[in-house]
$ cat work-v1.cif   # mmCIF, C-alpha atoms
data_structure
loop_
_atom_site.label_atom_id
_atom_site.label_comp_id
_atom_site.auth_asym_id
_atom_site.auth_seq_id
_atom_site.Cartn_x
_atom_site.Cartn_y
_atom_site.Cartn_z
CA LEU A 7 104.00 80.32 119.41
CA LYS A 8 106.40 81.30 116.64
CA GLN A 9 103.97 79.97 114.04
CA ILE A 10 101.10 81.97 115.53
CA THR A 11 103.29 85.08 115.48
CA LYS A 12 103.89 84.55 111.76
CA GLU A 13 100.18 83.87 111.17
CA VAL A 14 99.20 87.14 112.87
CA ALA A 15 101.71 89.03 110.70
CA SER A 16 100.45 87.31 107.54
CA LYS A 17 96.95 88.63 108.28
CA GLY A 18 98.14 92.21 108.42
CA HIS A 19 98.73 92.78 112.14
CA LEU A 20 101.82 93.42 114.25
CA PRO A 21 102.05 90.63 116.86
CA SER A 22 102.97 91.52 120.43
CA VAL A 23 103.21 90.44 124.04
CA HIS A 24 103.87 92.67 127.02
CA GLY A 25 105.40 92.93 130.44
CA ASP A 26 105.53 95.79 132.89
CA HIS A 27 108.15 97.71 134.87
CA SER A 28 107.40 95.97 138.15
CA SER A 29 107.30 92.28 137.13
CA ASP A 30 109.14 92.26 133.81
CA MET A 31 107.51 89.76 131.40
CA LEU A 32 105.29 88.35 134.13
CA GLY A 33 103.65 91.77 134.16
CA CYS A 34 101.11 90.37 131.70
CA GLY A 35 98.36 89.23 134.06
CA PHE A 36 96.84 86.92 131.46
CA PHE A 37 100.09 85.02 130.94
CA LYS A 38 100.75 84.84 134.68
CA LEU A 39 97.31 83.30 135.26
CA TRP A 40 97.89 80.83 132.42
CA VAL A 41 101.39 79.70 133.42
CA THR A 42 100.43 79.31 137.10
CA GLY A 43 97.48 77.06 136.32
CA ARG A 44 94.59 79.39 137.03
CA PHE A 45 92.90 78.22 133.80
CA ASP A 46 93.39 74.51 134.59
CA ASP A 47 89.76 74.05 135.64
CA MET A 48 88.61 75.50 132.29
CA GLY A 49 90.54 72.84 130.39
CA TYR A 50 93.42 74.96 129.11
CA PRO A 51 96.84 73.23 129.26
CA ARG A 52 99.67 75.33 130.68
CA PRO A 53 102.35 76.72 128.34
CA GLN A 54 105.60 74.76 128.09
CA PHE A 55 107.68 77.94 128.34
CA ASP A 56 108.11 80.79 130.78
CA ALA A 57 107.32 84.46 130.21
CA ASP A 58 110.83 85.37 129.07
CA GLN A 59 111.00 82.45 126.65
CA GLY A 60 107.60 83.36 125.21
CA ALA A 61 108.54 86.99 124.74
CA LYS A 62 111.83 86.07 123.08
CA ALA A 63 110.11 83.62 120.74
CA VAL A 64 107.59 86.24 119.65
CA GLU A 65 110.31 88.85 119.15
CA ASN A 66 112.50 86.45 117.16
CA ALA A 67 109.55 85.61 114.90
CA GLY A 68 109.03 89.29 114.05
CA GLY A 69 106.76 90.43 116.86
CA VAL A 70 107.01 93.28 119.34
CA ILE A 71 107.54 93.37 123.12
CA GLU A 72 105.91 96.31 124.88
CA MET A 73 106.34 97.34 128.51
CA HIS A 74 103.43 98.79 130.46
CA HIS A 75 103.74 101.25 133.32
CA GLY A 76 101.47 102.37 136.13
CA SER A 77 98.84 100.42 138.05
CA HIS A 78 95.60 98.84 136.90
CA ALA A 79 92.61 101.18 137.29
CA GLU A 80 90.18 99.84 134.66
CA LYS A 81 86.55 100.75 135.31
CA VAL A 82 84.83 98.83 132.51
CA VAL A 83 85.40 96.10 129.91
CA TYR A 84 84.64 96.94 126.29
CA ILE A 85 83.81 93.89 124.18
CA ASN A 86 84.01 95.13 120.61
CA LEU A 87 82.25 93.16 117.86
CA VAL A 88 82.59 95.77 115.11
CA GLU A 89 84.87 94.14 112.55
CA ASN A 90 88.19 95.84 111.78
CA LYS A 91 87.58 98.53 114.42
CA THR A 92 89.20 98.88 117.84
CA LEU A 93 89.47 101.30 120.76
CA GLU A 94 92.74 102.83 121.86
CA PRO A 95 93.84 102.62 125.52
CA ASP A 96 93.87 105.77 127.65
CA GLU A 97 95.98 105.44 130.79
CA ASP A 98 94.13 108.37 132.36
CA ASP A 99 90.73 106.72 131.79
CA GLN A 100 91.48 103.02 131.83
CA ARG A 101 89.30 100.29 130.34
CA PHE A 102 89.91 96.71 129.32
CA ILE A 103 89.44 96.33 125.54
CA VAL A 104 88.58 92.95 124.01
CA ASP A 105 88.18 92.85 120.22
CA GLY A 106 85.87 89.86 119.93
CA TRP A 107 85.77 90.07 116.13
CA ALA A 108 89.52 89.35 116.01
CA ALA A 109 88.95 85.94 117.61
CA GLY A 110 86.83 85.00 114.62
CA LYS A 111 89.50 86.22 112.22
CA PHE A 112 91.93 83.67 113.64
CA GLY A 113 89.43 80.82 113.71
CA LEU A 114 89.00 80.79 117.50
CA ASP A 115 85.91 79.61 119.35
CA VAL A 116 84.49 83.10 119.99
CA PRO A 117 82.25 82.34 123.02
CA LYS A 118 85.07 80.34 124.62
CA PHE A 119 87.50 83.20 123.92
CA LEU A 120 85.18 85.76 125.49
CA ILE A 121 84.53 83.62 128.58
CA ALA A 122 88.30 83.22 129.06
CA ALA A 123 88.69 86.99 128.73
CA ALA A 124 85.95 87.53 131.33
CA ALA A 125 87.57 85.00 133.68
CA THR A 126 90.87 86.85 133.29
CA VAL A 127 89.31 90.15 134.35
CA GLU A 128 87.62 88.46 137.32
CA MET A 129 90.80 86.75 138.53
CA LEU A 130 92.73 90.01 138.23
CA GLY A 131 90.14 91.75 140.39
CA GLY A 132 88.85 93.89 137.56
CA PRO A 133 85.36 95.35 137.12
CA LYS A 134 82.50 92.97 136.32
CA LYS A 135 80.97 95.58 134.07
CA ALA A 136 80.90 95.25 130.28
CA LYS A 137 79.89 97.43 127.35
CA ILE A 138 79.35 95.32 124.23
CA VAL A 139 79.97 97.34 121.08
CA ILE A 140 77.96 96.08 118.10
CA PRO A 141 77.39 97.37 114.56
CA SER A 142 74.76 100.10 114.41
CA ILE A 143 72.42 97.80 112.47
CA SER A 144 71.68 94.32 113.76
CA PRO A 145 71.05 91.14 111.74
CA ALA A 146 67.45 91.20 112.97
CA GLN A 147 66.96 94.73 111.61
CA ILE A 148 68.36 93.69 108.21
CA ALA A 149 66.03 90.67 108.10
CA GLU A 150 63.06 92.84 109.09
CA ALA A 151 63.85 95.38 106.36
CA LEU A 152 64.03 92.65 103.72
CA GLN A 153 60.85 91.00 104.99
CA GLY A 154 59.16 94.38 104.66
CA ARG A 155 59.96 94.22 100.94
CA GLY A 156 58.42 90.75 100.64
CA TRP A 157 61.61 88.73 101.03
CA ASP A 158 61.95 85.39 102.80
CA ALA A 159 64.88 86.29 105.10
CA GLU A 160 66.36 84.19 107.88
CA ILE A 161 69.37 84.61 110.16
CA VAL A 162 71.95 81.80 110.07
CA THR A 163 75.07 81.42 112.22
CA ASP A 164 78.65 81.23 111.01
CA ALA A 165 78.80 77.71 112.47
CA SER A 166 76.02 76.61 110.11
CA MET A 167 78.12 77.91 107.19
CA ALA A 168 81.27 76.01 108.18
CA GLY A 169 83.21 75.03 105.08
CA GLN A 170 81.62 77.82 103.03
CA LEU A 171 82.83 80.94 104.84
CA VAL A 172 86.49 81.48 103.97
CA ASP A 173 89.09 84.06 104.98
CA VAL A 174 89.14 87.14 102.76
CA ARG A 175 92.37 87.01 100.77
CA PRO A 176 94.32 90.01 99.41
CA GLU A 177 94.61 88.33 95.99
CA GLY A 178 90.83 87.95 95.81
CA ILE A 179 88.97 90.59 93.84
CA LEU A 180 86.47 92.91 95.49
CA LYS A 181 83.74 91.76 93.15
CA CYS A 182 80.08 91.97 92.29
CA VAL A 183 77.50 89.92 94.20
CA ASP A 184 76.56 88.21 90.89
CA GLY A 185 76.48 84.43 91.32
CA ARG A 186 77.32 83.47 87.72
CA GLY A 187 80.55 81.88 86.54
CA SER A 188 83.55 84.07 85.74
CA ASP A 189 86.78 84.04 83.77
CA ASN A 190 88.45 85.20 86.99
CA THR A 191 89.07 82.55 89.62
CA ARG A 192 90.20 84.90 92.41
CA MET A 193 86.92 84.82 94.29
CA GLY A 194 88.24 85.29 97.85
CA GLY A 195 87.58 89.05 98.07
CA PRO A 196 84.61 91.00 99.48
CA LYS A 197 81.34 91.01 97.51
CA MET A 198 79.44 94.26 96.80
CA PRO A 199 76.82 95.11 94.13
CA GLY A 200 78.70 95.94 90.94
CA GLY A 201 82.09 95.57 92.65
CA ILE A 202 83.50 99.01 93.37
CA TYR A 203 80.46 100.64 91.72
CA ALA A 204 78.65 99.97 95.01
CA ILE A 205 80.96 102.40 96.83
CA ALA A 206 80.53 105.13 94.21
CA HIS A 207 76.76 104.63 94.15
CA ASN A 208 76.45 104.79 97.94
CA ARG A 209 78.57 107.94 98.19
CA GLY A 210 76.93 109.71 95.26
CA VAL A 211 80.19 109.69 93.29
CA THR A 212 79.36 109.97 89.58
CA SER A 213 82.56 111.09 87.84
CA ILE A 214 85.37 109.11 86.23
CA GLU A 215 87.88 110.90 88.44
CA GLY A 216 85.90 109.96 91.54
CA LEU A 217 85.78 106.34 90.40
CA LYS A 218 89.55 106.34 89.93
CA GLN A 219 90.02 107.61 93.48
CA ILE A 220 87.75 104.87 94.85
CA THR A 221 89.74 102.28 92.90
CA LYS A 222 92.95 103.52 94.55
CA GLU A 223 91.25 103.60 97.95
CA VAL A 224 90.12 99.97 97.64
CA ALA A 225 93.66 98.92 96.69
CA SER A 226 95.14 100.88 99.60
CA LYS A 227 92.91 98.89 101.97
CA GLY A 228 94.29 95.59 100.76
CA HIS A 229 91.74 94.52 98.16
CA LEU A 230 91.87 94.07 94.39
CA PRO A 231 89.26 96.42 92.84
CA SER A 232 87.05 95.13 90.03
CA VAL A 233 84.00 95.64 87.83
CA HIS A 234 82.54 93.11 85.41
CA GLY A 235 80.59 92.60 82.21
CA ASP A 236 79.36 89.45 80.50
CA HIS A 237 79.57 87.78 77.11
CA SER A 238 76.11 88.88 75.96
CA SER A 239 76.07 92.57 76.88
CA ASP A 240 79.76 93.41 77.27
CA MET A 241 80.28 95.91 80.14
CA LEU A 242 76.52 96.46 80.49
CA GLY A 243 76.41 92.84 81.61
CA CYS A 244 76.68 94.12 85.18
CA GLY A 245 73.03 94.39 86.15
CA PHE A 246 73.75 96.78 89.00
CA PHE A 247 75.52 99.30 86.77
CA LYS A 248 72.80 98.99 84.12
CA LEU A 249 70.10 99.77 86.69
CA TRP A 250 72.14 102.72 87.96
CA VAL A 251 72.96 104.28 84.59
CA THR A 252 69.39 103.89 83.30
CA GLY A 253 67.89 105.67 86.30
CA ARG A 254 66.27 102.77 88.13
CA PHE A 255 67.63 104.18 91.42
CA ASP A 256 66.44 107.74 90.73
CA ASP A 257 63.47 107.48 93.09
CA MET A 258 65.84 106.43 95.91
CA GLY A 259 67.85 109.65 95.53
CA TYR A 260 70.95 108.22 93.81
CA PRO A 261 72.33 110.45 91.01
CA ARG A 262 73.19 108.65 87.77
CA PRO A 263 76.86 108.17 86.85
CA GLN A 264 78.39 110.66 84.41
CA LEU A 265 80.08 107.82 82.54
CA ASP A 266 79.04 104.81 80.55
CA ALA A 267 79.89 101.17 81.26
CA ASP A 268 82.95 101.12 78.98
CA GLN A 269 84.33 104.35 80.44
CA GLY A 270 83.84 103.01 83.96
CA ALA A 271 85.61 99.75 83.18
CA ASN A 272 88.53 101.55 81.51
#
$ encode --input "work-v1.cif" --output "structure tokens"
Amino acid sequence: LKQITKEVASKGHLPSVHGDHSSDMLGCGFFKLWVTGRFDDMGYPRPQFDADQGAKAVENAGGVIEMHHGSHAEKVVYINLVENKTLEPDEDDQRFIVDGWAAGKFGLDVPKFLIAAAATVEMLGGPKKAKIVIPSISPAQIAEALQGRGWDAEIVTDASMAGQLVDVRPEGILKCVDGRGSDNTRMGGPKMPGGIYAIAHNRGVTSIEGLKQITKEVASKGHLPSVHGDHSSDMLGCGFFKLWVTGRFDDMGYPRPQLDADQGAN
């Protein structure tokens, strides 16, 4: 449990457990179900510690203990699949909130995690009513859009990419989608056309000052901003920037940058 607390902190979150004012640390219904064997038939072994020991271990490893008040009055369960987004509790309009995307971030079996969450709500007498929050565009819609442009597009699962999908790392550069080799080996960052040029392009930002602000924004969100060139065309070796600056996106409504490739890189 201490190691998990440290892992959660290392991935940029503040670990916590909770109790409540009526049952102290057994006020966490999930833990009470777990420690009393209510998950036995689902194959989950019981914890080898009690609620107070668990809370103390988390606190000693740098986590937080919170205490809830009031009675349960949740009317719905929100299952949120929008990555890096959450909902905030409202004690005057209660809902259970399950961030399903976070299970994937910690390498959990997501369907198993969600079924355990559902079982928890059921055993606590909560509402068997769910709202599943998904991104506004679905994988099927993306595939359909690409197929409409003549692409061969298929949807694959994360399980089929096991060993290839890796955790995004802060030391990895937010880099271009270009698949060629690089003199930079820090490849564990997000991939966007042209690196941070993609953000400027999408927002219609065309100035050097605007590009500087985007660079700072990317860094503030935990990524290492980048652009690239190549050994044959110098900073115009980024095909995305070359298309942008030469007006190949004009008919899509994107204004051209008011800077050249060298100015952008500097």
$ atom_distance --input "work-v1.cif" --atom1 "atom CA of Val233 of chain A" --atom2 "atom CA of Ala271 of chain A"
6.4 Å
$ axis_aligned_box --input "work-v1.cif" --around "segment 56-67 of chain A" --padding-each-side "8 Å" --output "JSON"
{"center_x": 109.9, "center_y": 84.8, "center_z": 122.8, "size_x": 21.2, "size_y": 24.1, "size_z": 31.9}
$ atom_distance --input "work-v1.cif" --atom1 "atom CA of Ala61 of chain A" --atom2 "atom CA of Gly132 of chain A"
24.5 Å
$ atom_distance --input "work-v1.cif" --atom1 "atom CA of Tyr260 of chain A" --atom2 "atom CA of Asn208 of chain A"
7.7 Å
$ residues_around --input "work-v1.cif" --residues "Gly259 of chain A" --least-positions-apart "2" --cutoff "12 Å" --atoms "only C-alpha atoms" --output "list in words"
His207, Asn208, Arg209, Gly210, Trp250, Gly253, Arg254, Phe255, Asp256, Asp257, Pro261 and Arg262 of chain A
$ closest_residue --input "work-v1.cif" --among "A:Leu39, A:Ile202, A:Ile143, A:Ala63" --to "Ala123 of chain A" --atoms "only C-alpha atoms"
A:Leu39
$ closest_residue --input "work-v1.cif" --among "A:Glu215, A:Glu223, A:Glu80, A:Asp46" --to "Lys134 of chain A" --atoms "all atoms listed in the file"
A:Glu80
$ resolve_selection --input "work-v1.cif" --expression "the PyMOL selection byres ((chain A and resi 125) around 12)" --output "MDAnalysis selection string"
chainID A and resid 35:36 39:40 44:45 47:48 83 118:124 126:134
$ closest_residue --input "work-v1.cif" --among "A:Val139, A:Asn272, A:Gly43, A:His78" --to "Asp105 of chain A" --atoms "only C-alpha atoms"
A:Val139
$ closest_residue --input "work-v1.cif" --among "A:Gln100, A:Gln153, A:Thr163, A:Asn86" --to "Ile138 of chain A" --atoms "all atoms listed in the file"
A:Asn86
